[in-house]
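The next block is model.txt, given as compact mmCIF, C-alpha atoms and all ligand atoms.
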# COMPACT_ATOMS: atom_id res chain seq x y z
CA MET H 187 0.00 0.00 0.00
CA ASN H 188 1.29 3.50 -0.81
CA ILE H 189 0.82 5.96 2.05
CA ALA H 190 1.53 9.70 1.92
CA VAL H 191 1.96 12.35 4.59
CA THR H 192 1.28 16.03 3.79
CA ALA H 193 3.13 18.90 5.49
CA ALA H 194 5.91 16.33 5.84
CA SER H 195 8.52 19.05 6.44
CA GLY H 196 6.98 19.88 9.83
CA ARG H 197 7.51 18.20 13.18
CA LEU H 198 4.48 15.89 13.19
CA GLY H 199 4.77 15.15 9.46
CA ARG H 200 8.37 14.12 9.91
CA ALA H 201 7.62 11.91 12.94
CA THR H 202 4.72 10.22 11.10
CA LEU H 203 6.76 9.68 7.95
CA ALA H 204 9.64 8.21 9.98
CA ALA H 205 7.23 5.87 11.80
CA LEU H 206 5.67 4.74 8.51
CA LYS H 207 9.12 4.02 7.11
CA ARG H 208 10.03 1.97 10.20
CA ASP H 209 6.76 0.00 9.97
CA LEU H 210 6.48 -0.49 6.20
CA GLY H 211 9.84 0.38 4.61
CA GLY H 212 10.63 3.44 2.53
CA ASP H 213 9.27 2.12 -0.77
CA ALA H 214 5.66 2.31 0.44
CA VAL H 215 5.88 5.84 1.78
CA VAL H 216 5.68 9.31 0.20
CA GLY H 217 6.34 12.66 1.87
CA ILE H 218 4.55 15.73 0.48
CA ALA H 219 5.59 19.30 1.29
CA ARG H 220 5.56 22.76 -0.24
CA ASP H 221 9.31 22.32 -0.65
CA PRO H 222 10.14 18.60 -0.92
CA ALA H 223 13.82 19.36 -0.19
CA ARG H 224 12.74 20.19 3.38
CA ILE H 225 11.49 16.65 4.05
CA ALA H 226 14.08 15.37 6.51
CA VAL H 227 13.37 11.65 6.29
CA PRO H 228 15.86 9.95 3.96
CA GLY H 229 14.89 7.00 1.79
CA VAL H 230 11.30 7.99 1.01
CA ALA H 231 9.87 9.61 -2.11
CA ALA H 232 9.37 13.38 -1.75
CA ARG H 233 6.77 15.27 -3.79
CA ALA H 234 5.61 18.89 -3.98
CA GLY H 235 2.18 19.71 -2.56
CA ASP H 236 0.78 23.03 -1.29
CA TYR H 237 -2.56 23.20 0.56
CA GLY H 238 -3.37 26.20 -1.64
CA SER H 239 -3.42 24.16 -4.88
CA ILE H 240 -5.87 21.31 -5.48
CA ALA H 241 -4.22 20.50 -8.82
CA GLN H 242 -0.70 20.28 -7.42
CA MET H 243 -1.85 18.26 -4.42
CA ALA H 244 -3.81 15.86 -6.66
CA THR H 245 -0.65 15.26 -8.70
CA ALA H 246 1.31 14.62 -5.49
CA LEU H 247 -1.33 12.10 -4.40
CA ASP H 248 -1.24 10.11 -7.64
CA GLY H 249 -1.09 6.39 -6.82
CA ILE H 250 -1.61 6.96 -3.08
CA GLU H 251 -4.13 4.78 -1.23
CA SER H 252 -4.06 6.38 2.22
CA VAL H 253 -2.98 9.90 3.19
CA VAL H 254 -2.26 11.60 6.51
CA MET H 255 -3.48 15.20 6.24
CA ILE H 256 -1.56 17.12 8.89
CA SER H 257 -3.61 20.14 10.00
CA ALA H 258 -2.40 23.43 8.53
CA PRO H 259 -0.59 25.75 10.92
CA VAL H 260 -2.42 28.66 12.51
CA VAL H 261 -1.11 31.66 10.56
CA ALA H 262 -2.84 35.04 10.48
CA GLY H 263 -4.54 35.67 7.14
CA THR H 264 -4.79 32.01 6.09
CA ASP H 265 -8.07 30.11 5.65
CA ARG H 266 -7.39 26.71 7.20
CA VAL H 267 -10.86 25.32 6.43
CA THR H 268 -10.33 25.98 2.71
CA MET H 269 -6.79 24.57 2.83
CA HIS H 270 -8.08 21.34 4.35
CA ARG H 271 -10.98 21.22 1.86
CA ASN H 272 -8.41 21.57 -0.93
CA VAL H 273 -6.53 18.50 0.30
CA ILE H 274 -9.78 16.50 0.59
CA ALA H 275 -10.78 17.57 -2.95
CA ALA H 276 -7.32 16.64 -4.25
CA ALA H 277 -7.53 13.24 -2.58
CA ARG H 278 -10.91 12.58 -4.20
CA ARG H 279 -9.59 13.69 -7.58
CA ALA H 280 -6.53 11.42 -7.25
CA GLY H 281 -8.59 8.39 -6.21
CA VAL H 282 -7.19 8.19 -2.67
CA ARG H 283 -9.22 5.73 -0.58
CA LYS H 284 -8.61 7.02 2.94
CA ILE H 285 -7.64 10.20 4.84
CA VAL H 286 -6.39 10.49 8.41
CA PHE H 287 -6.76 14.09 9.69
CA THR H 288 -4.72 15.28 12.67
CA SER H 289 -7.04 17.40 14.82
CA VAL H 290 -6.95 18.50 18.48
CA ILE H 291 -8.55 16.97 21.59
CA GLY H 292 -11.39 18.79 23.27
CA GLY H 293 -14.80 18.56 24.89
CA PRO H 294 -17.37 20.44 26.93
CA GLY H 295 -16.00 23.73 28.19
CA GLU H 296 -13.97 24.57 25.10
CA GLU H 297 -16.77 26.78 23.69
CA ALA H 298 -16.13 29.37 26.41
CA THR H 299 -12.40 29.68 25.68
CA MET H 300 -10.26 31.76 23.34
CA PHE H 301 -9.16 28.49 21.70
CA TYR H 302 -12.67 27.89 20.36
CA VAL H 303 -12.17 29.92 17.17
CA THR H 304 -9.31 27.58 16.25
CA GLN H 305 -11.15 24.53 17.49
CA GLN H 306 -14.16 25.33 15.27
CA ILE H 307 -11.86 25.10 12.25
CA ASN H 308 -10.70 21.66 13.38
CA ARG H 309 -14.30 20.56 13.99
CA GLN H 310 -15.41 21.89 10.59
CA THR H 311 -12.69 19.88 8.85
CA GLU H 312 -13.67 16.81 10.87
CA ALA H 313 -17.24 17.22 9.56
CA ASP H 314 -16.04 17.89 6.00
CA LEU H 315 -13.96 14.73 6.10
CA ALA H 316 -16.76 12.55 7.42
CA ALA H 317 -18.99 13.82 4.58
CA ALA H 318 -16.39 13.39 1.81
CA GLY H 319 -17.33 9.82 0.88
CA LEU H 320 -13.86 8.38 1.63
CA ASP H 321 -12.68 6.16 4.45
CA TRP H 322 -11.58 8.50 7.23
CA ILE H 323 -10.15 8.78 10.71
CA VAL H 324 -9.92 11.88 12.87
CA ALA H 325 -6.88 11.66 15.13
CA ARG H 326 -7.41 14.27 17.85
CA ASN H 327 -3.95 15.02 19.16
CA GLY H 328 -3.14 15.78 22.77
CA LEU H 329 -0.97 18.80 23.48
CA TYR H 330 2.62 18.34 22.35
CA LEU H 331 4.71 17.43 25.38
CA ASP H 332 7.79 18.67 23.51
CA LEU H 333 6.51 22.26 23.35
CA ASP H 334 5.37 22.71 26.95
CA LEU H 335 8.48 20.91 28.18
CA GLY H 336 10.55 23.47 26.25
CA HIS H 337 8.71 26.28 28.04
CA ILE H 338 9.31 24.63 31.43
CA ILE H 339 13.03 24.19 30.68
CA ARG H 340 13.34 27.81 29.61
CA ALA H 341 11.54 28.89 32.82
CA ASP H 342 14.36 27.33 34.84
CA ALA H 343 16.36 30.55 34.62
CA GLY H 344 13.58 32.39 36.48
CA GLY H 345 12.63 29.37 38.55
CA VAL H 346 8.86 29.66 38.01
CA TYR H 347 6.65 28.35 35.18
CA ARG H 348 3.46 30.35 34.96
CA ASN H 349 0.27 29.91 32.97
CA ASN H 350 -3.51 29.92 33.38
CA GLY H 351 -3.90 26.11 33.29
CA GLY H 352 -4.47 26.00 37.06
CA ASP H 353 -5.30 22.57 38.46
CA GLY H 354 -6.82 21.22 35.23
CA ARG H 355 -5.64 17.93 33.78
CA CYS H 356 -4.53 17.72 30.16
CA GLY H 357 -3.73 14.84 27.82
CA TYR H 358 -0.11 15.33 26.78
CA ILE H 359 1.92 13.32 24.28
CA SER H 360 5.26 13.62 22.52
CA ILE H 361 5.40 14.28 18.79
CA ASP H 362 7.31 11.02 18.25
CA GLU H 363 4.59 8.99 20.01
CA LEU H 364 1.94 10.78 17.94
CA GLY H 365 3.88 9.77 14.82
CA VAL H 366 3.78 6.10 15.82
CA ALA H 367 0.01 6.08 16.34
CA THR H 368 -0.79 8.21 13.29
CA ALA H 369 1.28 5.95 11.04
CA ARG H 370 -0.64 2.90 12.21
CA LEU H 371 -4.00 4.61 11.77
CA ALA H 372 -3.02 5.33 8.17
CA ALA H 373 -1.71 1.84 7.42
CA ARG H 374 -4.34 -0.27 9.21
CA GLU H 375 -8.13 -0.35 8.98
CA HIS H 376 -9.02 -0.89 12.65
CA CYS H 377 -10.21 2.64 13.47
CA ASN H 378 -11.81 3.74 10.19
CA GLY H 379 -14.83 6.03 10.56
CA ARG H 380 -13.91 7.09 14.10
CA ILE H 381 -12.65 10.04 16.10
CA VAL H 382 -9.78 8.87 18.33
CA ASN H 383 -7.92 10.78 21.04
CA LEU H 384 -4.15 10.34 20.83
CA THR H 385 -2.93 11.15 24.33
CA SER H 386 -0.82 9.41 26.94
CA GLU H 387 -1.22 10.50 30.57
CA ASN H 388 -3.49 13.33 31.70
CA ARG H 389 -1.42 15.60 33.93
CA THR H 390 -1.81 18.91 35.76
CA GLN H 391 0.70 21.68 35.12
CA ALA H 392 2.25 21.15 38.56
CA GLU H 393 2.66 17.40 37.87
CA LEU H 394 4.24 18.12 34.49
CA VAL H 395 6.71 20.55 36.07
CA ALA H 396 7.58 18.04 38.82
CA LEU H 397 8.30 15.33 36.22
CA ALA H 398 10.40 17.75 34.16
CA ASN H 399 12.36 18.73 37.27
CA ASP H 400 13.07 15.07 37.91
CA VAL H 401 14.04 14.07 34.36
CA PHE H 402 15.99 17.23 33.46
CA GLY H 403 17.45 18.04 36.90
CA LEU H 404 15.62 21.37 37.08
CA ASP H 405 14.30 23.34 40.05
CA VAL H 406 11.18 24.98 38.60
CA GLY H 407 8.01 25.80 40.49
CA TYR H 408 4.52 26.15 39.02
CA GLU H 409 2.38 29.22 39.61
CA PRO H 410 -1.11 29.68 38.15
CA ILE H 411 -1.82 33.14 36.73
CA THR H 412 -4.85 34.85 35.21
CA VAL H 413 -5.85 34.81 31.55
CA GLU H 414 -4.80 38.46 31.10
CA GLN H 415 -1.46 37.85 32.78
CA ASN H 416 -0.87 34.88 30.48
CA ILE H 417 -1.60 36.90 27.33
CA ALA H 418 0.96 39.46 28.54
CA ARG H 419 3.44 36.63 29.23
CA PHE H 420 3.10 35.33 25.67
CA MET H 421 3.37 38.83 24.18
CA ALA H 422 6.69 39.22 26.01
CA ASP H 423 7.97 36.25 23.97
CA GLU H 424 9.35 37.74 20.74
CA HIS H 425 8.49 34.64 18.67
CA ILE H 426 4.84 34.68 19.75
CA ALA H 427 4.60 38.48 19.59
CA ALA H 428 5.84 38.31 15.99
CA ARG H 429 2.85 36.09 15.15
CA GLY H 430 0.43 38.63 16.67
CA GLU H 431 -1.80 38.99 19.73
CA GLY H 432 -4.39 36.68 18.15
CA VAL H 433 -1.90 33.82 18.49
CA ALA H 434 -1.13 34.79 22.10
CA ARG H 435 -4.87 34.67 22.80
CA MET H 436 -5.31 31.35 20.99
CA LEU H 437 -2.46 29.77 22.98
CA THR H 438 -3.85 31.23 26.21
CA GLY H 439 -7.14 29.64 25.18
CA CYS H 440 -5.43 26.23 25.21
CA PHE H 441 -4.66 26.76 28.90
CA GLU H 442 -8.27 27.83 29.43
CA CYS H 443 -9.23 24.45 27.95
CA ILE H 444 -6.86 22.77 30.40
CA GLN H 445 -8.25 24.76 33.33
CA SER H 446 -11.85 23.97 32.38
CA GLY H 447 -11.25 20.23 31.96
CA ALA H 448 -11.96 20.28 28.21
CA PHE H 449 -8.57 18.62 27.52
CA ASP H 450 -9.05 15.95 30.21
CA VAL H 451 -10.21 13.33 27.70
CA PRO H 452 -10.02 9.52 27.58
CA SER H 453 -7.17 8.10 25.48
CA HIS H 454 -7.51 5.77 22.49
CA PHE H 455 -3.76 5.62 21.91
CA ALA H 456 -3.29 1.91 22.68
CA GLU H 457 -6.07 0.93 20.32
CA ALA H 458 -4.74 3.20 17.59
CA ALA H 459 -1.06 2.28 17.89
CA GLY H 460 -1.46 -1.38 18.85
CA ARG H 461 0.56 -0.77 22.02
CA PRO H 462 0.18 1.46 25.08
CA ALA H 463 1.78 4.90 24.98
CA THR H 464 5.10 5.13 26.77
CA SER H 465 4.89 7.01 30.07
CA ILE H 466 5.26 10.79 30.12
CA ARG H 467 8.46 10.27 32.07
CA ASP H 468 9.88 7.99 29.36
CA GLN H 469 8.73 10.43 26.66
CA MET H 470 10.65 13.16 28.51
CA VAL H 471 13.72 10.92 28.73
CA ALA H 472 13.50 10.26 24.97
CA ILE H 473 13.27 14.03 24.31
CA ARG H 474 16.26 14.59 26.63
CA GLU H 475 18.33 11.86 24.92
CA ARG H 476 17.54 13.25 21.49
CA GLY H 477 18.80 16.68 22.61
N1 LIG H 501 -1.37 19.33 19.45
C1 LIG H 501 -0.57 20.36 19.63
O1 LIG H 501 -0.08 20.62 20.75
C2 LIG H 501 -0.20 21.24 18.49
C3 LIG H 501 0.78 22.20 18.67
C4 LIG H 501 1.13 22.98 17.58
C5 LIG H 501 0.49 22.82 16.37
N2 LIG H 501 -0.47 21.87 16.23
C6 LIG H 501 -1.18 21.65 14.95
O2 LIG H 501 -0.58 20.48 14.37
C7 LIG H 501 -0.06 20.80 13.08
C8 LIG H 501 1.23 20.05 12.86
O3 LIG H 501 2.14 20.43 13.86
P1 LIG H 501 3.68 20.54 13.57
O4 LIG H 501 4.35 20.63 14.90
O5 LIG H 501 4.11 19.47 12.63
O6 LIG H 501 3.77 21.95 12.84
P2 LIG H 501 5.06 22.61 12.18
O7 LIG H 501 6.30 21.90 12.59
O8 LIG H 501 4.95 24.07 12.43
O9 LIG H 501 4.85 22.33 10.63
C9 LIG H 501 3.86 22.97 9.89
C10 LIG H 501 3.86 22.33 8.53
O10 LIG H 501 2.82 22.90 7.75
C11 LIG H 501 3.36 23.14 6.47
N3 LIG H 501 2.61 24.13 5.74
C12 LIG H 501 2.39 25.41 6.05
N4 LIG H 501 1.64 26.00 5.09
C13 LIG H 501 1.41 25.05 4.15
C14 LIG H 501 0.74 25.03 2.91
N5 LIG H 501 0.12 26.13 2.42
N6 LIG H 501 0.70 23.89 2.21
C15 LIG H 501 1.31 22.78 2.66
N7 LIG H 501 1.98 22.73 3.83
C16 LIG H 501 2.04 23.86 4.56
C17 LIG H 501 4.78 23.58 6.74
O11 LIG H 501 5.51 23.51 5.55
P3 LIG H 501 6.86 24.38 5.29
O12 LIG H 501 7.99 23.51 5.75
O13 LIG H 501 6.85 24.58 3.81
O14 LIG H 501 6.73 25.65 6.05
C18 LIG H 501 5.17 22.53 7.76
O15 LIG H 501 5.50 21.31 7.14
C19 LIG H 501 0.11 22.32 13.07
O16 LIG H 501 0.05 22.80 11.73
C20 LIG H 501 -1.05 22.76 13.93
O17 LIG H 501 -2.25 22.80 13.16
C21 LIG H 501 -0.82 21.07 17.25

The structure in this file should be written as structure tokens.
Ligand SMILES: NC(=O)c1ccc[n+]([C@@H]2O[C@H](COP(=O)([O-])OP(=O)(O)OC[C@H]3O[C@@H](n4cnc5c(N)ncnc54)[C@H](OP(=O)(O)O)[C@@H]3O)[C@@H](O)[C@H]2O)c1
Amino acid sequence: MNIAVTAASGRLGRATLAALKRDLGGDAVVGIARDPARIAVPGVAARAGDYGSIAQMATALDGIESVVMISAPVVAGTDRVTMHRNVIAAARRAGVRKIVFTSVIGGPGEEATMFYVTQQINRQTEADLAAAGLDWIVARNGLYLDLDLGHIIRADAGGVYRNNGGDGRCGYISIDELGVATARLAAREHCNGRIVNLTSENRTQAELVALANDVFGLDVGYEPITVEQNIARFMADEHIAARGEGVARMLTGCFECIQSGAFDVPSHFAEAAGRPATSIRDQMVAIRERG
């Protein structure tokens, strides 16, 4: 079976492509990216495909049976619903049988948060996919452990990690573990027609910080702050500020989802991947070893 991964130059695309290659061998796997030279998995075919062009994406999907559609990044001025619809249209045109879409976990409580605008785009694509007439799976991803771990490590200098997550529990998972499960959802038929949550352990912010302290030898404390304080914290980060206040609000909305319990969801990882997720501690060790 030929399986493709779109946005294969990104972190999740790369991890999924690498997992597919490990499971199936490179001959069965195709990476698709705006710039194929940026696909950092050797030994797989690399093709050009932009979410803005149905025709180019259909060409890239020629001969593909199953495709992982990685969700488009949140960038001001882009229409992510249309981008995802373009990929679905291209898949139909190319005769692809199945699409796995990488979405985001969520549940009751998310409507009242600043993440909901983004979440509605994910939910719209989920609905579009289910109505497209192809085999489909929605893989709702937990929050990337790698990213929040990075923020905790960088907080070590000041000694305190602050956000508005409070005491809420959140399903976290490393990008590499997500790649393993997503690859198997694309290659196997056991979860077709379902929405599955890809998470490992559900942890509070204080628990996450304590584990990071242990694994990375840090001495960071956790302090809950208000929504407004968290927006200001993000705007003080030059990388987030460069993406605009809307992004700072969206990311703060993720912590609102944590605080409200909307990200405290049951996990379907073991069913999806065919093995349990490794522990958060072991995921942290793997991230530490990788450097
Ligand atoms: N669950 C979470 O915690 C979490 C966190 C962050 C993001 N996400 C979501 O998950 C997605 C994947 O995450 P990631 O870490 O892999 O993101 P990433 O590393 O930022 O990669 C984004 C990918 O999207 C590609 N892309 C951007 N515009 C495109 C277009 N018009 N056509 C085709 N490809 C395009 C980029 O290609 P180039 O290399 O050409 O730029 C890159 O490959 C994100 O896009 C976002 O929707 C989830």

Next on the checklist: Neighbouring residues of ligand LIG 501 (chain H) are defined here as those with any atom at most 7 Å from a ligand atom, counting only C-alpha atoms and all ligand atoms; list them as a ChimeraX atom specification.
Outcome noted: /H:192-199,219-221,224,235-238,256-260,288,290,327-330

Checklist entry - What is the distance between CA of Ala459 in chain H and CA of Asn388 in chain H, in Å to one decimal? => result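 Atom-to-atom, CA of Ala459 in chain H and CA of Asn388 in chain H are spaced 17.9 Å apart.
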
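If you look at CA of Thr385 in chain H and CA of Gly430 in chain H, they are 28.7 Å away from each other.
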
Next on the checklist: Please list as a list in words every residue within 10 Å of Ile359 in chain H, counting only C-alpha atoms and excluding residues in the same chain fewer than 3 positions away.
Outcome noted: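 These residues fall inside the cut-off: Asn327, Gly328, Leu329, Tyr330, Leu331, Asp332, Cys356, Asp362, Glu363, Leu364, Leu384, Thr385, Ser386, Glu387, Asn388, Phe455, Ala463, Thr464, Ser465, Ile466, Gln469 and Met470 of chain H.
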
Next on the checklist: Between H:Ile381, H:Val273, H:Ile444, H:Ala367, which residue has the minimum interatomic distance to Ala313 in chain H, considering all atoms listed in the file?
Outcome noted: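 Among H:Ile381, H:Val273, H:Ile444, H:Ala367, it is H:Ile381 that comes nearest to Ala313 in chain H.
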
Checklist entry - How many Å separate CA of Asp334 in chain H from CA of Phe420 in chain H? => result 12.9 Å

Checklist entry - Could you pull the residues within 12 Å of Leu210 in chain H, counting all atoms listed in the file, minus those fewer than 4 positions along the same chain, as a list in words? => result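 In the requested form, the answer reads Met187, Asn188, Ile189, Thr202, Leu203, Ala204, Ala205, Leu206, Ala214, Val215, Val216, Val230, Val366, Ala369, Arg370, Ala372, Ala373 and Arg374 of chain H.
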
Residues just named, written with C-alpha atoms as an mmCIF file, keeping the file's coordinate frame:
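Saved result, selection.cif, follows:
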data_model
loop_
_atom_site.group_PDB
_atom_site.id
_atom_site.type_symbol
_atom_site.label_atom_id
_atom_site.label_comp_id
_atom_site.auth_asym_id
_atom_site.auth_seq_id
_atom_site.Cartn_x
_atom_site.Cartn_y
_atom_site.Cartn_z
ATOM 1 C CA MET H 187 0.000 0.000 0.000
ATOM 2 C CA ASN H 188 1.290 3.500 -0.810
ATOM 3 C CA ILE H 189 0.820 5.960 2.050
ATOM 4 C CA THR H 202 4.720 10.220 11.100
ATOM 5 C CA LEU H 203 6.760 9.680 7.950
ATOM 6 C CA ALA H 204 9.640 8.210 9.980
ATOM 7 C CA ALA H 205 7.230 5.870 11.800
ATOM 8 C CA LEU H 206 5.670 4.740 8.510
ATOM 9 C CA ALA H 214 5.660 2.310 0.440
ATOM 10 C CA VAL H 215 5.880 5.840 1.780
ATOM 11 C CA VAL H 216 5.680 9.310 0.200
ATOM 12 C CA VAL H 230 11.300 7.990 1.010
ATOM 13 C CA VAL H 366 3.780 6.100 15.820
ATOM 14 C CA ALA H 369 1.280 5.950 11.040
ATOM 15 C CA ARG H 370 -0.640 2.900 12.210
ATOM 16 C CA ALA H 372 -3.020 5.330 8.170
ATOM 17 C CA ALA H 373 -1.710 1.840 7.420
ATOM 18 C CA ARG H 374 -4.340 -0.270 9.210
#

Item to check | Shell around range 239-244 of chain H at 8 Å using only C-alpha atoms, local window under 4 positions removed, as a ChimeraX atom specification | outcome: /H:234-235,248,272-273,275-277,279-280

Which range 277-392 of chain H residues have any atom within 9 Å of an atom of range 411-414 of chain H, and for each, what is the nearest pair of atoms with distance in Å to one decimal, counting all atoms listed in the file, rows sorted by chain and number, as JSON lines?
{"residue": "H:Arg348", "atom": "CA", "partner": "H:Ile411", "partner_atom": "CA", "distance": 6.2}
{"residue": "H:Asn349", "atom": "CA", "partner": "H:Ile411", "partner_atom": "CA", "distance": 5.4}
{"residue": "H:Asn350", "atom": "CA", "partner": "H:Ile411", "partner_atom": "CA", "distance": 4.9}
{"residue": "H:Gly351", "atom": "CA", "partner": "H:Ile411", "partner_atom": "CA", "distance": 8.1}
{"residue": "H:Gly352", "atom": "CA", "partner": "H:Ile411", "partner_atom": "CA", "distance": 7.6}

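Counting only C-alpha atoms, the residue from H:Ile274, H:Arg380, H:Gly460, H:Leu335 that sits nearest to Ile361 in chain H is H:Leu335.
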
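Restricting the calculation to only C-alpha atoms, the smallest distance between Gly432 in chain H and any of H:Ile339, H:Val282, H:Gln445, H:Val303 is found for H:Val303.
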
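Every residue within 9 Å of the file position (-11.7, 23.9, 23.3), judged by all atoms listed in the file, is given as H:Val290, H:Ile291, H:Gly292, H:Gly293, H:Pro294, H:Gly295, H:Glu296, H:Glu297, H:Ala298, H:Thr299, H:Met300, H:Phe301, H:Tyr302, H:Val303, H:Thr304, H:Gln305, H:Gln306, H:Gly439, H:Cys440, H:Glu442, H:Cys443, H:Ile444, H:Ala448, H:Phe449.
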
Next on the checklist: Need the shell around Arg429 in chain H: protein/DNA/RNA residues with any atom at most 12 Å away, counting all atoms listed in the file. Skip same-chain ones fewer than 4 positions apart. Format as a PyMOL selection string?
Outcome noted: chain H and resi 259-263+420-425+433-437

Please save C-alpha atoms of the selected residues as an mmCIF file, keeping the file's coordinate frame.
data_model
loop_
_atom_site.group_PDB
_atom_site.id
_atom_site.type_symbol
_atom_site.label_atom_id
_atom_site.label_comp_id
_atom_site.auth_asym_id
_atom_site.auth_seq_id
_atom_site.Cartn_x
_atom_site.Cartn_y
_atom_site.Cartn_z
ATOM 1 C CA PRO H 259 -0.590 25.750 10.920
ATOM 2 C CA VAL H 260 -2.420 28.660 12.510
ATOM 3 C CA VAL H 261 -1.110 31.660 10.560
ATOM 4 C CA ALA H 262 -2.840 35.040 10.480
ATOM 5 C CA GLY H 263 -4.540 35.670 7.140
ATOM 6 C CA PHE H 420 3.100 35.330 25.670
ATOM 7 C CA MET H 421 3.370 38.830 24.180
ATOM 8 C CA ALA H 422 6.690 39.220 26.010
ATOM 9 C CA ASP H 423 7.970 36.250 23.970
ATOM 10 C CA GLU H 424 9.350 37.740 20.740
ATOM 11 C CA HIS H 425 8.490 34.640 18.670
ATOM 12 C CA VAL H 433 -1.900 33.820 18.490
ATOM 13 C CA ALA H 434 -1.130 34.790 22.100
ATOM 14 C CA ARG H 435 -4.870 34.670 22.800
ATOM 15 C CA MET H 436 -5.310 31.350 20.990
ATOM 16 C CA LEU H 437 -2.460 29.770 22.980
#

Next on the checklist: Using all atoms listed in the file, can you tell me which of H:Tyr347, H:Tyr358, H:Phe402, H:Phe287 comes closest to Glu475 in chain H?
Outcome noted: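 The answer is H:Phe402, which sits nearest to Glu475 in chain H.
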
Step by step: locate range 240-251 of chain H in the block above, keep N, CA and C atoms, then write the file as a PDB file, in the first residue's frame.
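Generated output (result.pdb):
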ATOM      1  N   ILE H 240      -5.259  22.641  -5.329  1.00  0.00           N
ATOM      2  CA  ILE H 240      -5.871  21.315  -5.476  1.00  0.00           C
ATOM      3  C   ILE H 240      -5.144  20.532  -6.571  1.00  0.00           C
ATOM      4  N   ALA H 241      -4.832  21.208  -7.679  1.00  0.00           N
ATOM      5  CA  ALA H 241      -4.218  20.503  -8.817  1.00  0.00           C
ATOM      6  C   ALA H 241      -2.849  19.936  -8.443  1.00  0.00           C
ATOM      7  N   GLN H 242      -2.037  20.759  -7.788  1.00  0.00           N
ATOM      8  CA  GLN H 242      -0.697  20.275  -7.417  1.00  0.00           C
ATOM      9  C   GLN H 242      -0.798  19.142  -6.393  1.00  0.00           C
ATOM     10  N   MET H 243      -1.716  19.300  -5.437  1.00  0.00           N
ATOM     11  CA  MET H 243      -1.851  18.260  -4.416  1.00  0.00           C
ATOM     12  C   MET H 243      -2.380  16.958  -5.029  1.00  0.00           C
ATOM     13  N   ALA H 244      -3.285  17.073  -6.004  1.00  0.00           N
ATOM     14  CA  ALA H 244      -3.808  15.858  -6.661  1.00  0.00           C
ATOM     15  C   ALA H 244      -2.681  15.130  -7.399  1.00  0.00           C
ATOM     16  N   THR H 245      -1.802  15.878  -8.018  1.00  0.00           N
ATOM     17  CA  THR H 245      -0.649  15.263  -8.695  1.00  0.00           C
ATOM     18  C   THR H 245       0.235  14.551  -7.667  1.00  0.00           C
ATOM     19  N   ALA H 246       0.464  15.218  -6.540  1.00  0.00           N
ATOM     20  CA  ALA H 246       1.307  14.625  -5.493  1.00  0.00           C
ATOM     21  C   ALA H 246       0.686  13.346  -4.935  1.00  0.00           C
ATOM     22  N   LEU H 247      -0.638  13.257  -4.979  1.00  0.00           N
ATOM     23  CA  LEU H 247      -1.333  12.100  -4.401  1.00  0.00           C
ATOM     24  C   LEU H 247      -1.579  10.982  -5.416  1.00  0.00           C
ATOM     25  N   ASP H 248      -1.047  11.136  -6.603  1.00  0.00           N
ATOM     26  CA  ASP H 248      -1.241  10.108  -7.637  1.00  0.00           C
ATOM     27  C   ASP H 248      -0.704   8.755  -7.137  1.00  0.00           C
ATOM     28  N   GLY H 249      -1.529   7.731  -7.214  1.00  0.00           N
ATOM     29  CA  GLY H 249      -1.094   6.387  -6.823  1.00  0.00           C
ATOM     30  C   GLY H 249      -1.114   6.121  -5.324  1.00  0.00           C
ATOM     31  N   ILE H 250      -1.585   7.106  -4.537  1.00  0.00           N
ATOM     32  CA  ILE H 250      -1.615   6.964  -3.076  1.00  0.00           C
ATOM     33  C   ILE H 250      -2.951   6.363  -2.645  1.00  0.00           C
ATOM     34  N   GLU H 251      -2.895   5.413  -1.715  1.00  0.00           N
ATOM     35  CA  GLU H 251      -4.131   4.782  -1.232  1.00  0.00           C
ATOM     36  C   GLU H 251      -4.634   5.442   0.058  1.00  0.00           C
TER      37      GLU H 251
END
